[in-house]
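Next up, run-v1.csv (CSV, C-alpha atoms):
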```csv
chain,number,residue,atom,x,y,z
A,1,MET,CA,0.0,0.0,0.0
A,2,ILE,CA,1.4,3.4,-1.0
A,3,ILE,CA,1.3,6.0,1.7
A,4,PRO,CA,1.9,9.5,0.3
A,5,PRO,CA,4.8,11.3,1.9
A,6,GLU,CA,2.5,14.2,3.0
A,7,VAL,CA,0.5,11.7,5.1
A,8,LYS,CA,3.7,10.2,6.5
A,9,LYS,CA,4.9,13.6,7.5
A,10,LYS,CA,1.7,14.6,9.3
A,11,PRO,CA,-0.2,11.4,10.1
A,12,LEU,CA,-2.1,12.9,13.1
A,13,GLU,CA,-3.5,15.8,11.0
A,14,TYR,CA,-4.9,13.3,8.4
A,15,LEU,CA,-6.1,11.0,11.1
A,16,PHE,CA,-8.0,13.9,12.7
A,17,LEU,CA,-9.5,14.8,9.3
A,18,ALA,CA,-10.5,11.2,8.6
A,19,LEU,CA,-12.2,11.0,12.0
A,20,PHE,CA,-14.0,14.3,11.5
A,21,PHE,CA,-15.4,13.0,8.2
A,22,ILE,CA,-16.4,9.6,9.6
A,23,ILE,CA,-18.2,11.2,12.6
A,24,GLY,CA,-19.9,13.6,10.2
A,25,VAL,CA,-21.1,10.9,7.9
A,26,CYS,CA,-22.3,8.7,10.8
A,27,PHE,CA,-24.1,11.6,12.3
A,28,TYR,CA,-25.7,12.4,9.0
A,29,LEU,CA,-26.8,8.9,8.2
A,30,PHE,CA,-27.9,7.6,11.6
A,31,ALA,CA,-29.0,10.6,13.7
A,32,GLY,CA,-32.4,10.8,12.0
A,33,LEU,CA,-32.0,14.5,11.2
A,34,SER,CA,-34.4,16.7,9.3
A,35,ASP,CA,-33.5,18.0,5.8
A,36,SER,CA,-32.4,21.4,7.1
A,37,ASN,CA,-30.2,19.8,9.8
A,38,ARG,CA,-28.6,17.4,7.2
A,39,ARG,CA,-27.8,20.4,5.0
A,40,PHE,CA,-26.3,22.1,8.1
A,41,ILE,CA,-24.1,19.0,8.8
A,42,VAL,CA,-22.7,19.0,5.2
A,43,ILE,CA,-22.0,22.8,5.4
A,44,THR,CA,-20.3,22.2,8.8
A,45,LEU,CA,-18.2,19.4,7.3
A,46,GLY,CA,-17.2,21.8,4.5
A,47,ALA,CA,-16.3,24.6,7.0
A,48,GLY,CA,-14.4,22.1,9.1
A,49,TYR,CA,-12.4,20.9,6.1
A,50,PHE,CA,-11.6,24.6,5.2
A,51,PHE,CA,-10.2,25.3,8.7
A,52,TRP,CA,-8.3,22.0,8.7
A,53,SER,CA,-6.7,23.2,5.4
A,54,LEU,CA,-5.7,26.5,6.9
A,55,TYR,CA,-4.0,24.8,9.8
A,56,HIS,CA,-2.4,22.1,7.7
A,57,HIS,CA,-0.9,24.5,5.1
A,58,TYR,CA,0.1,27.1,7.8
A,59,HIS,CA,2.1,24.4,9.6
A,60,ARG,CA,3.6,23.2,6.3
A,61,GLY,CA,4.6,26.8,5.6
A,62,ASP,CA,2.9,27.1,2.2
A,63,LEU,CA,-0.3,28.8,3.0
A,64,ASN,CA,-1.1,31.3,0.3
A,65,LEU,CA,-4.1,32.8,-1.5
A,66,SER,CA,-4.2,30.3,-4.4
A,67,ILE,CA,-4.3,27.4,-2.0
A,68,ILE,CA,-7.1,29.0,0.0
A,69,VAL,CA,-9.1,29.7,-3.2
A,70,GLU,CA,-8.5,26.0,-4.3
A,71,TYR,CA,-10.0,24.7,-1.0
A,72,LEU,CA,-12.9,27.1,-1.2
A,73,VAL,CA,-13.7,26.0,-4.7
A,74,PHE,CA,-13.5,22.3,-3.9
A,75,ILE,CA,-15.8,22.8,-0.9
A,76,LEU,CA,-18.2,24.9,-3.0
A,77,PHE,CA,-18.2,22.1,-5.6
A,78,GLY,CA,-19.1,19.5,-3.0
A,79,ILE,CA,-21.8,21.6,-1.2
A,80,VAL,CA,-23.4,22.9,-4.4
A,81,LEU,CA,-23.7,19.4,-6.0
A,82,PHE,CA,-25.0,17.9,-2.7
A,83,THR,CA,-27.7,20.5,-2.1
A,84,GLY,CA,-28.6,20.6,-5.8
A,85,THR,CA,-29.3,16.8,-5.7
A,86,PHE,CA,-31.6,16.8,-2.7
A,87,PHE,CA,-33.0,20.3,-2.1
B,1,MET,CA,-6.1,14.6,-29.6
B,2,LYS,CA,-3.9,12.6,-27.3
B,3,TYR,CA,-2.5,15.7,-25.8
B,4,PHE,CA,-6.0,17.1,-25.3
B,5,TRP,CA,-6.8,14.2,-22.9
B,6,LYS,CA,-3.5,14.3,-21.2
B,7,HIS,CA,-3.9,18.0,-20.7
B,8,TRP,CA,-7.2,17.5,-18.8
B,9,PHE,CA,-6.3,14.3,-16.9
B,10,LEU,CA,-2.6,14.3,-16.3
B,11,PRO,CA,-0.2,16.7,-14.6
B,12,LEU,CA,2.2,17.9,-17.3
B,13,GLU,CA,4.8,20.6,-17.7
B,14,LYS,CA,2.6,22.4,-20.1
B,15,ASN,CA,-0.3,22.6,-17.7
B,16,ASN,CA,2.0,23.6,-14.8
B,17,HIS,CA,2.0,20.1,-13.3
B,18,ARG,CA,-1.7,20.1,-12.5
B,19,SER,CA,-4.4,18.3,-14.4
B,20,ALA,CA,-6.5,21.0,-16.1
B,21,LEU,CA,-9.7,19.5,-14.8
B,22,LEU,CA,-8.6,20.3,-11.2
B,23,ARG,CA,-7.9,23.9,-11.8
B,24,THR,CA,-10.2,26.3,-9.9
B,25,ASN,CA,-11.6,27.9,-13.0
B,26,THR,CA,-12.5,24.5,-14.5
B,27,LEU,CA,-14.2,23.5,-11.3
B,28,LEU,CA,-16.1,26.8,-11.3
B,29,ILE,CA,-17.2,26.1,-14.9
B,30,LEU,CA,-18.4,22.6,-13.7
B,31,ILE,CA,-20.3,24.2,-10.9
B,32,ALA,CA,-21.9,26.6,-13.3
B,33,PHE,CA,-22.7,23.7,-15.7
B,34,TYR,CA,-24.3,21.8,-12.9
B,35,LEU,CA,-26.4,24.7,-11.8
B,36,PHE,CA,-27.5,25.4,-15.3
B,37,ASN,CA,-28.5,21.8,-15.8
B,38,HIS,CA,-30.3,21.7,-12.5
B,39,SER,CA,-32.3,24.8,-13.4
B,40,LEU,CA,-33.1,23.4,-16.8
B,41,ILE,CA,-34.4,20.1,-15.3
B,42,LYS,CA,-36.6,22.1,-12.9
B,43,PHE,CA,-37.8,24.4,-15.7
B,44,ILE,CA,-38.7,21.4,-17.9
B,45,SER,CA,-40.5,19.6,-15.1
B,46,VAL,CA,-42.6,22.7,-14.5
B,47,ILE,CA,-43.2,23.7,-18.1
B,48,LYS,CA,-43.5,20.1,-19.6
B,49,PRO,CA,-44.6,17.9,-16.7
B,50,GLY,CA,-45.2,15.0,-19.1
B,51,ILE,CA,-41.5,14.8,-20.0
B,52,LEU,CA,-40.1,14.7,-16.5
B,53,GLY,CA,-42.0,13.4,-13.5
B,54,TYR,CA,-41.9,11.5,-10.3
B,55,SER,CA,-42.7,7.9,-9.3
B,56,SER,CA,-41.8,6.4,-12.7
B,57,GLU,CA,-41.3,3.1,-11.0
B,58,ILE,CA,-44.0,3.2,-8.3
B,59,THR,CA,-47.1,1.1,-9.0
B,60,VAL,CA,-49.8,-0.1,-6.7
B,61,GLN,CA,-49.0,-3.7,-7.6
B,62,LYS,CA,-45.3,-3.3,-6.6
B,63,VAL,CA,-46.2,-1.6,-3.3
B,64,ILE,CA,-48.7,-4.4,-2.5
B,65,ASP,CA,-46.2,-7.1,-3.6
B,66,GLN,CA,-43.4,-5.7,-1.5
B,67,THR,CA,-45.6,-5.1,1.5
B,68,ASN,CA,-46.7,-8.7,1.4
B,69,GLN,CA,-43.2,-9.9,0.8
B,70,LYS,CA,-42.1,-8.1,4.0
B,71,ARG,CA,-45.0,-9.7,5.9
B,72,GLN,CA,-44.3,-13.2,4.6
B,73,GLN,CA,-40.7,-12.9,5.5
B,74,LEU,CA,-41.9,-12.5,9.1
B,75,GLY,CA,-44.4,-15.4,8.8
B,76,LEU,CA,-47.4,-13.1,8.6
B,77,VAL,CA,-50.5,-13.6,6.4
B,78,PRO,CA,-50.3,-11.5,3.1
B,79,LEU,CA,-52.8,-8.7,2.9
B,80,LYS,CA,-55.7,-8.9,0.4
B,81,TYR,CA,-56.2,-6.0,-2.1
B,82,ASN,CA,-59.4,-4.1,-1.3
B,83,SER,CA,-60.8,-1.7,-3.9
B,84,LEU,CA,-62.5,0.4,-1.2
B,85,LEU,CA,-59.3,0.9,0.7
B,86,SER,CA,-57.6,2.0,-2.5
B,87,GLU,CA,-60.4,4.4,-3.2
B,88,SER,CA,-60.0,5.9,0.3
B,89,ALA,CA,-56.2,6.1,-0.2
B,90,ILE,CA,-56.7,7.9,-3.5
B,91,LYS,CA,-59.3,10.2,-1.9
B,92,LYS,CA,-56.8,11.0,0.8
B,93,ALA,CA,-54.0,11.8,-1.7
B,94,GLN,CA,-56.4,14.0,-3.7
B,95,ASP,CA,-57.5,15.8,-0.6
B,96,MET,CA,-53.9,16.6,0.3
B,97,PHE,CA,-53.4,18.1,-3.2
B,98,ALA,CA,-56.7,20.0,-3.0
B,99,ASN,CA,-56.1,21.4,0.4
B,100,ASN,CA,-52.4,21.6,0.0
B,101,TYR,CA,-51.2,19.8,3.1
B,102,TRP,CA,-48.9,17.0,4.0
B,103,ALA,CA,-50.2,15.3,7.2
B,104,HIS,CA,-52.5,12.6,8.5
B,105,THR,CA,-55.1,15.2,9.4
B,106,SER,CA,-56.2,18.0,7.0
B,107,PRO,CA,-56.2,21.6,8.0
B,108,LEU,CA,-60.0,21.3,8.0
B,109,GLY,CA,-59.8,18.5,10.6
B,110,THR,CA,-60.5,15.6,8.2
B,111,THR,CA,-58.8,12.5,9.7
B,112,PRO,CA,-57.8,9.4,7.7
B,113,TRP,CA,-60.7,7.5,9.2
B,114,ASP,CA,-63.1,9.9,7.6
B,115,PHE,CA,-61.8,8.7,4.2
B,116,PHE,CA,-62.4,5.1,5.2
B,117,LYS,CA,-65.9,5.9,6.2
B,118,SER,CA,-66.6,8.0,3.1
B,119,VAL,CA,-66.1,5.0,0.8
B,120,GLY,CA,-68.1,2.7,3.1
B,121,TYR,CA,-65.3,0.7,4.5
B,122,LYS,CA,-66.3,-0.4,8.0
B,123,TYR,CA,-63.2,-1.4,9.9
B,124,SER,CA,-62.3,-2.8,13.2
B,125,VAL,CA,-58.6,-1.9,12.8
B,126,ALA,CA,-57.1,0.6,10.4
B,127,GLY,CA,-53.9,2.3,9.6
B,128,GLU,CA,-52.3,4.8,7.2
B,129,ASN,CA,-48.8,5.3,5.8
B,130,LEU,CA,-47.9,8.4,3.7
B,131,ALA,CA,-44.9,9.0,1.4
B,132,ARG,CA,-44.0,11.6,-1.2
B,133,ASP,CA,-41.3,12.3,-3.8
B,134,PHE,CA,-40.0,8.7,-4.2
B,135,TYR,CA,-39.2,7.5,-7.7
B,136,ASP,CA,-39.0,3.8,-7.1
B,137,THR,CA,-40.9,1.3,-4.9
B,138,ASP,CA,-37.7,-0.1,-3.4
B,139,SER,CA,-36.6,3.2,-1.9
B,140,LEU,CA,-40.1,3.9,-0.7
B,141,MET,CA,-40.4,0.5,1.0
B,142,LYS,CA,-37.0,0.8,2.4
B,143,ALA,CA,-37.9,4.2,4.0
B,144,TRP,CA,-41.1,2.8,5.5
B,145,MET,CA,-39.3,-0.3,6.8
B,146,ASN,CA,-36.6,1.9,8.4
B,147,SER,CA,-39.1,3.9,10.3
B,148,PRO,CA,-40.3,1.8,13.3
B,149,THR,CA,-43.8,3.3,13.3
B,150,HIS,CA,-44.4,2.8,9.5
B,151,ARG,CA,-42.9,-0.7,9.8
B,152,ASP,CA,-45.3,-1.5,12.6
B,153,ASN,CA,-48.2,-0.7,10.2
B,154,ILE,CA,-46.7,-2.9,7.4
B,155,ILE,CA,-46.1,-5.9,9.6
B,156,ASN,CA,-49.2,-5.5,11.8
B,157,SER,CA,-50.8,-8.9,12.2
B,158,LYS,CA,-54.2,-7.4,12.9
B,159,TYR,CA,-54.6,-6.1,9.3
B,160,GLN,CA,-56.2,-8.3,6.7
B,161,GLU,CA,-56.6,-5.9,3.7
B,162,ILE,CA,-54.7,-3.2,1.9
B,163,GLY,CA,-55.4,-0.4,-0.5
B,164,ILE,CA,-52.9,1.9,-2.2
B,165,GLY,CA,-53.2,5.4,-3.8
B,166,VAL,CA,-50.5,6.8,-6.0
B,167,VAL,CA,-51.4,10.2,-7.2
B,168,ASN,CA,-49.4,12.9,-9.1
B,169,GLY,CA,-50.1,16.5,-8.5
B,170,ILE,CA,-48.8,19.9,-7.4
B,171,LEU,CA,-48.2,20.3,-3.6
B,172,GLY,CA,-46.9,23.6,-2.4
B,173,GLY,CA,-46.1,24.7,-5.9
B,174,VAL,CA,-43.9,21.6,-6.6
B,175,LYS,CA,-44.9,18.7,-8.8
B,176,THR,CA,-44.9,15.6,-6.7
B,177,THR,CA,-46.2,12.1,-6.2
B,178,LEU,CA,-48.1,11.1,-3.1
B,179,VAL,CA,-48.3,7.5,-2.1
B,180,VAL,CA,-51.0,6.6,0.5
B,181,GLN,CA,-51.1,3.1,2.0
B,182,HIS,CA,-54.4,2.3,3.8
B,183,PHE,CA,-54.6,-0.9,5.9
B,184,GLY,CA,-57.7,-2.3,7.5
B,185,THR,CA,-59.6,-5.3,8.8
B,186,PRO,CA,-63.3,-5.3,7.9
B,187,LEU,CA,-65.7,-5.2,10.8
B,188,VAL,CA,-67.5,-8.2,9.4
B,189,ALA,CA,-64.4,-10.4,9.4
B,190,VAL,CA,-63.7,-9.7,13.0
B,191,ALA,CA,-67.4,-10.2,13.9
B,192,SER,CA,-67.4,-13.6,12.2
B,193,ASP,CA,-64.2,-14.6,13.9
B,194,THR,CA,-65.6,-13.6,17.2
B,195,LYS,CA,-68.7,-15.6,16.5
B,196,LYS,CA,-66.6,-18.6,15.7
B,197,THR,CA,-64.8,-18.4,19.0
B,198,ASN,CA,-68.0,-17.7,20.9
B,199,THR,CA,-66.8,-14.7,22.8
B,200,ASN,CA,-69.0,-11.9,23.8
B,201,GLU,CA,-66.4,-9.1,23.9
B,202,ASN,CA,-67.4,-5.8,22.5
B,203,LEU,CA,-65.6,-4.8,19.3
B,204,ASN,CA,-63.5,-1.7,19.7
B,205,GLN,CA,-62.3,0.3,16.7
B,206,GLU,CA,-58.6,0.6,16.6
B,207,VAL,CA,-56.7,3.1,14.6
B,208,THR,CA,-52.9,3.3,13.9
B,209,LEU,CA,-51.0,6.2,12.5
B,210,PRO,CA,-47.2,6.1,12.1
B,211,ALA,CA,-46.5,9.6,13.5
B,212,ASP,CA,-48.0,12.4,15.5
B,213,PHE,CA,-50.4,14.6,13.7
B,214,ASN,CA,-48.8,17.6,12.1
B,215,ILE,CA,-50.9,20.0,10.2
B,216,GLN,CA,-49.3,22.2,7.6
B,217,GLU,CA,-51.3,25.2,6.5
B,218,THR,CA,-50.6,26.2,2.9
B,219,THR,CA,-52.4,27.8,0.0
B,220,LEU,CA,-54.6,25.9,-2.4
B,221,ASP,CA,-53.0,24.7,-5.5
B,222,ASN,CA,-54.7,22.0,-7.5
B,223,ASP,CA,-53.4,20.2,-10.6
B,224,GLN,CA,-53.5,16.4,-10.0
B,225,GLU,CA,-53.5,13.2,-11.9
B,226,VAL,CA,-54.5,9.9,-10.4
B,227,ILE,CA,-52.1,7.3,-11.7
B,228,SER,CA,-53.6,4.4,-9.7
B,229,LEU,CA,-57.0,2.9,-10.2
B,230,PRO,CA,-58.7,1.3,-7.3
B,231,GLN,CA,-60.5,-1.5,-9.1
B,232,THR,CA,-57.8,-3.5,-10.7
B,233,PRO,CA,-54.3,-3.2,-9.4
B,234,GLN,CA,-52.8,-5.0,-12.4
B,235,VAL,CA,-53.8,-2.1,-14.7
B,236,LEU,CA,-51.8,0.3,-12.6
B,237,SER,CA,-48.5,-1.2,-13.5
B,238,GLN,CA,-49.0,-0.1,-17.1
B,239,GLN,CA,-48.5,3.6,-16.4
B,240,LYS,CA,-46.2,5.7,-18.6
B,241,LYS,CA,-42.5,5.6,-17.7
B,242,LEU,CA,-41.2,9.0,-16.8
B,243,ILE,CA,-37.6,10.2,-16.2
B,244,ASN,CA,-37.3,11.3,-12.6
B,245,PRO,CA,-35.6,14.7,-12.2
B,246,LEU,CA,-34.3,13.7,-8.8
B,247,LEU,CA,-32.6,10.7,-10.2
B,248,LEU,CA,-31.3,12.7,-13.2
B,249,ASN,CA,-29.7,15.2,-10.8
B,250,LYS,CA,-28.3,12.4,-8.7
B,251,ILE,CA,-26.7,10.7,-11.8
B,252,ILE,CA,-25.1,14.0,-12.9
B,253,SER,CA,-23.7,14.7,-9.5
B,254,VAL,CA,-22.3,11.1,-9.2
B,255,ILE,CA,-20.7,11.4,-12.6
B,256,LEU,CA,-19.1,14.8,-11.8
B,257,PHE,CA,-17.9,13.6,-8.4
B,258,GLY,CA,-16.6,10.3,-9.9
B,259,LEU,CA,-14.7,12.3,-12.6
B,260,ILE,CA,-13.0,14.7,-10.2
B,261,ILE,CA,-12.1,12.0,-7.7
B,262,THR,CA,-10.6,9.9,-10.5
B,263,VAL,CA,-8.6,12.8,-11.8
B,264,LEU,CA,-7.4,13.6,-8.3
B,265,PHE,CA,-6.2,10.1,-7.9
B,266,ILE,CA,-4.4,10.1,-11.3
B,267,ASP,CA,-2.9,13.6,-10.6
B,268,GLY,CA,-1.7,12.6,-7.1
B,269,PHE,CA,-0.2,9.3,-8.3
B,270,VAL,CA,1.7,10.8,-11.3
B,271,THR,CA,3.0,13.6,-9.1
B,272,LEU,CA,4.2,11.1,-6.5
B,273,LYS,CA,5.8,8.9,-9.1
B,274,ASN,CA,7.6,11.8,-10.8
B,275,ASN,CA,8.5,13.3,-7.4
B,276,HIS,CA,7.3,16.8,-8.4
B,277,HIS,CA,6.9,19.5,-5.7
B,278,ARG,CA,4.2,22.0,-6.4
B,279,LEU,CA,2.1,24.6,-4.6
B,280,THR,CA,-1.4,23.1,-4.5
B,281,GLY,CA,-3.9,21.8,-1.9
B,282,SER,CA,-3.8,18.3,-0.6
B,283,ASN,CA,-5.2,15.8,-3.1
B,284,ILE,CA,-5.8,13.3,-0.3
B,285,GLY,CA,-7.8,15.9,1.6
B,286,HIS,CA,-9.8,16.7,-1.5
B,287,ILE,CA,-10.5,13.1,-2.3
B,288,GLY,CA,-11.6,12.5,1.3
B,289,PHE,CA,-14.0,15.4,1.3
B,290,LEU,CA,-15.5,14.7,-2.1
B,291,PHE,CA,-15.7,11.0,-1.4
B,292,MET,CA,-17.6,11.7,1.8
B,293,ILE,CA,-20.1,13.9,-0.1
B,294,LEU,CA,-20.4,11.3,-2.8
B,295,LEU,CA,-21.2,8.7,-0.1
B,296,LEU,CA,-23.9,10.9,1.3
B,297,ILE,CA,-25.4,11.4,-2.1
B,298,ILE,CA,-25.4,7.7,-2.9
B,299,THR,CA,-26.8,6.6,0.5
B,300,SER,CA,-29.3,9.3,1.0
B,301,GLN,CA,-32.8,8.7,-0.1
B,302,GLN,CA,-35.1,11.3,-1.6
B,303,GLY,CA,-38.6,11.6,-0.6
B,304,ALA,CA,-40.4,11.9,2.7
B,305,ILE,CA,-42.6,9.6,4.7
B,306,PHE,CA,-45.3,10.4,7.3
```
Show me this structure written as structure tokens.
Amino acid sequence: MIIPPEVKKKPLEYLFLALFFIIGVCFYLFAGLSDSNRRFIVITLGAGYFFWSLYHHYHRGDLNLSIIVEYLVFILFGIVLFTGTFF
Amino acid sequence: MKYFWKHWFLPLEKNNHRSALLRTNTLLILIAFYLFNHSLIKFISVIKPGILGYSSEITVQKVIDQTNQKRQQLGLVPLKYNSLLSESAIKKAQDMFANNYWAHTSPLGTTPWDFFKSVGYKYSVAGENLARDFYDTDSLMKAWMNSPTHRDNIINSKYQEIGIGVVNGILGGVKTTLVVQHFGTPLVAVASDTKKTNTNENLNQEVTLPADFNIQETTLDNDQEVISLPQTPQVLSQQKKLINPLLLNKIISVILFGLIITVLFIDGFVTLKNNHHRLTGSNIGHIGFLFMILLLIITSQQGAIF
């Protein structure tokens, strides 16, 4: 199994991100939430991922505007397609 | 031509070592494309409701078959189709469209039992399940079976008969399909059973609803089409097949997510293999985030039950 060097360098950061996503997915699927709460969960997951990216790149020393914009666009892509599918 | 594909899918020197599909401007174009497509589907479903519609797969026969299948799996007696119960179920669905509500009791105070009585169905036990916006019977039955209160109705051993109403119409300004499941045991059947066992107990009418009453007050909007007939359930399966807008949106989303996740994998792998260092976000993070959303889209059901 190939483990990318960036994961090897900061395994705890990626582990934290994976746990955050897993908890979010479990909560979404099994908590019996209403539609608006489900949408809120997905937006919260997007916001959490954005803050993780700020922390991750700040500690890596390569935090700059283009990277911030990239994360924002990826998060926007995910949230727009999700909300468009169900709401 | 070969370079064209490489440019979009592989990190090359000419595309600054980042697959063109993963560039922010490309992603923004994909978002715009999705939103345009989404609006177009909604527009078509409103302007030409005959082209796109809901419940392309739902038929009375399928709902009855699957309900009985669930009962038989638990060793229960299958329910018999009753045309009066189907009539009451259709009337209930029509009433929800006419008075624009989504609840067991209408804003005017009409209860499900009023519909049973209006068609002349005298019951000793009765129940009602409601659903809307489902496009196939499997998803509908899965949602009902996952809800303990709806499941209790489906596998209630006291019921002997069933009737289904599947009606298309406009509810709250949105074109939708309502599925009403009415369960019952005729009073006569219970009376004769009681006679057989020579008991003198009084017959009490029992009613079962899957959830607490919740009345939604909305404005009147009436444009409905009954796609189920109460007399012969076999006829109902011959309804016109329609493309479901929800399914269409889901397919487009899954394709776009699949495409971007695949390109992220390829991009990450090639970069790792060539040992390139570049100033971009984490491909693994992006894959994790998009995969999580894709998982939610695939596992989430559309539609609502009550």
Just checking: using all atoms listed in the file, which residue out of A:Asn37, A:Tyr28, A:His56, A:Leu81 ends up closest to Pro11 (chain A)?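 Going through A:Asn37, A:Tyr28, A:His56, A:Leu81 one by one, the smallest distance to Pro11 (chain A) is for A:His56.
If all atoms listed in the file are the atoms counted, then among B:Ile170, B:Ile164, B:Ala32, B:Ala103 the closest residue to chain A is B:Ala32.
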Expressed in Å to a single decimal, how great is the separation between CA of His17 (chain B) and CA of Ile75 (chain A)? 21.9 Å
Would you mind listing, for every residue of chain B within 8 Å of chain A, the two atoms forming the shortest contact and the distance between them in Å to one decimal, using all atoms listed in the file, sorted by chain and ascending residue number, as JSON lines?
```
{"residue": "B:Arg23", "atom": "CA", "partner": "A:Glu70", "partner_atom": "CA", "distance": 7.8}
{"residue": "B:Thr24", "atom": "CA", "partner": "A:Glu70", "partner_atom": "CA", "distance": 5.9}
{"residue": "B:Leu27", "atom": "CA", "partner": "A:Val73", "partner_atom": "CA", "distance": 7.1}
{"residue": "B:Leu28", "atom": "CA", "partner": "A:Val73", "partner_atom": "CA", "distance": 7.1}
{"residue": "B:Ile31", "atom": "CA", "partner": "A:Phe77", "partner_atom": "CA", "distance": 6.1}
{"residue": "B:Tyr34", "atom": "CA", "partner": "A:Leu81", "partner_atom": "CA", "distance": 7.3}
{"residue": "B:Leu35", "atom": "CA", "partner": "A:Gly84", "partner_atom": "CA", "distance": 7.6}
{"residue": "B:His38", "atom": "CA", "partner": "A:Gly84", "partner_atom": "CA", "distance": 7.0}
{"residue": "B:Leu246", "atom": "CA", "partner": "A:Thr85", "partner_atom": "CA", "distance": 6.6}
{"residue": "B:Asn249", "atom": "CA", "partner": "A:Thr85", "partner_atom": "CA", "distance": 5.4}
{"residue": "B:Lys250", "atom": "CA", "partner": "A:Thr85", "partner_atom": "CA", "distance": 5.4}
{"residue": "B:Ser253", "atom": "CA", "partner": "A:Leu81", "partner_atom": "CA", "distance": 5.9}
{"residue": "B:Leu272", "atom": "CA", "partner": "A:Pro4", "partner_atom": "CA", "distance": 7.4}
{"residue": "B:Leu279", "atom": "CA", "partner": "A:Asp62", "partner_atom": "CA", "distance": 7.3}
{"residue": "B:Thr280", "atom": "CA", "partner": "A:Ile67", "partner_atom": "CA", "distance": 5.8}
{"residue": "B:Gly281", "atom": "CA", "partner": "A:Ile67", "partner_atom": "CA", "distance": 5.6}
{"residue": "B:Gly285", "atom": "CA", "partner": "A:Tyr14", "partner_atom": "CA", "distance": 7.8}
{"residue": "B:His286", "atom": "CA", "partner": "A:Phe74", "partner_atom": "CA", "distance": 7.1}
{"residue": "B:Gly288", "atom": "CA", "partner": "A:Ala18", "partner_atom": "CA", "distance": 7.5}
{"residue": "B:Phe289", "atom": "CA", "partner": "A:Phe21", "partner_atom": "CA", "distance": 7.4}
{"residue": "B:Leu290", "atom": "CA", "partner": "A:Gly78", "partner_atom": "CA", "distance": 6.1}
{"residue": "B:Met292", "atom": "CA", "partner": "A:Phe21", "partner_atom": "CA", "distance": 6.9}
{"residue": "B:Ile293", "atom": "CA", "partner": "A:Gly78", "partner_atom": "CA", "distance": 6.4}
{"residue": "B:Leu296", "atom": "CA", "partner": "A:Val25", "partner_atom": "CA", "distance": 7.2}
{"residue": "B:Ile297", "atom": "CA", "partner": "A:Phe82", "partner_atom": "CA", "distance": 6.5}
{"residue": "B:Ser300", "atom": "CA", "partner": "A:Leu29", "partner_atom": "CA", "distance": 7.6}
{"residue": "B:Gln302", "atom": "CA", "partner": "A:Phe86", "partner_atom": "CA", "distance": 6.6}
```
What gap, in Å, lies between CA of Leu171 (chain B) and CA of Ile43 (chain A)?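 These atoms are spaced 27.8 Å apart.
CA of Asp65 (chain B) is positioned 25.7 Å from CA of Pro245 (chain B).
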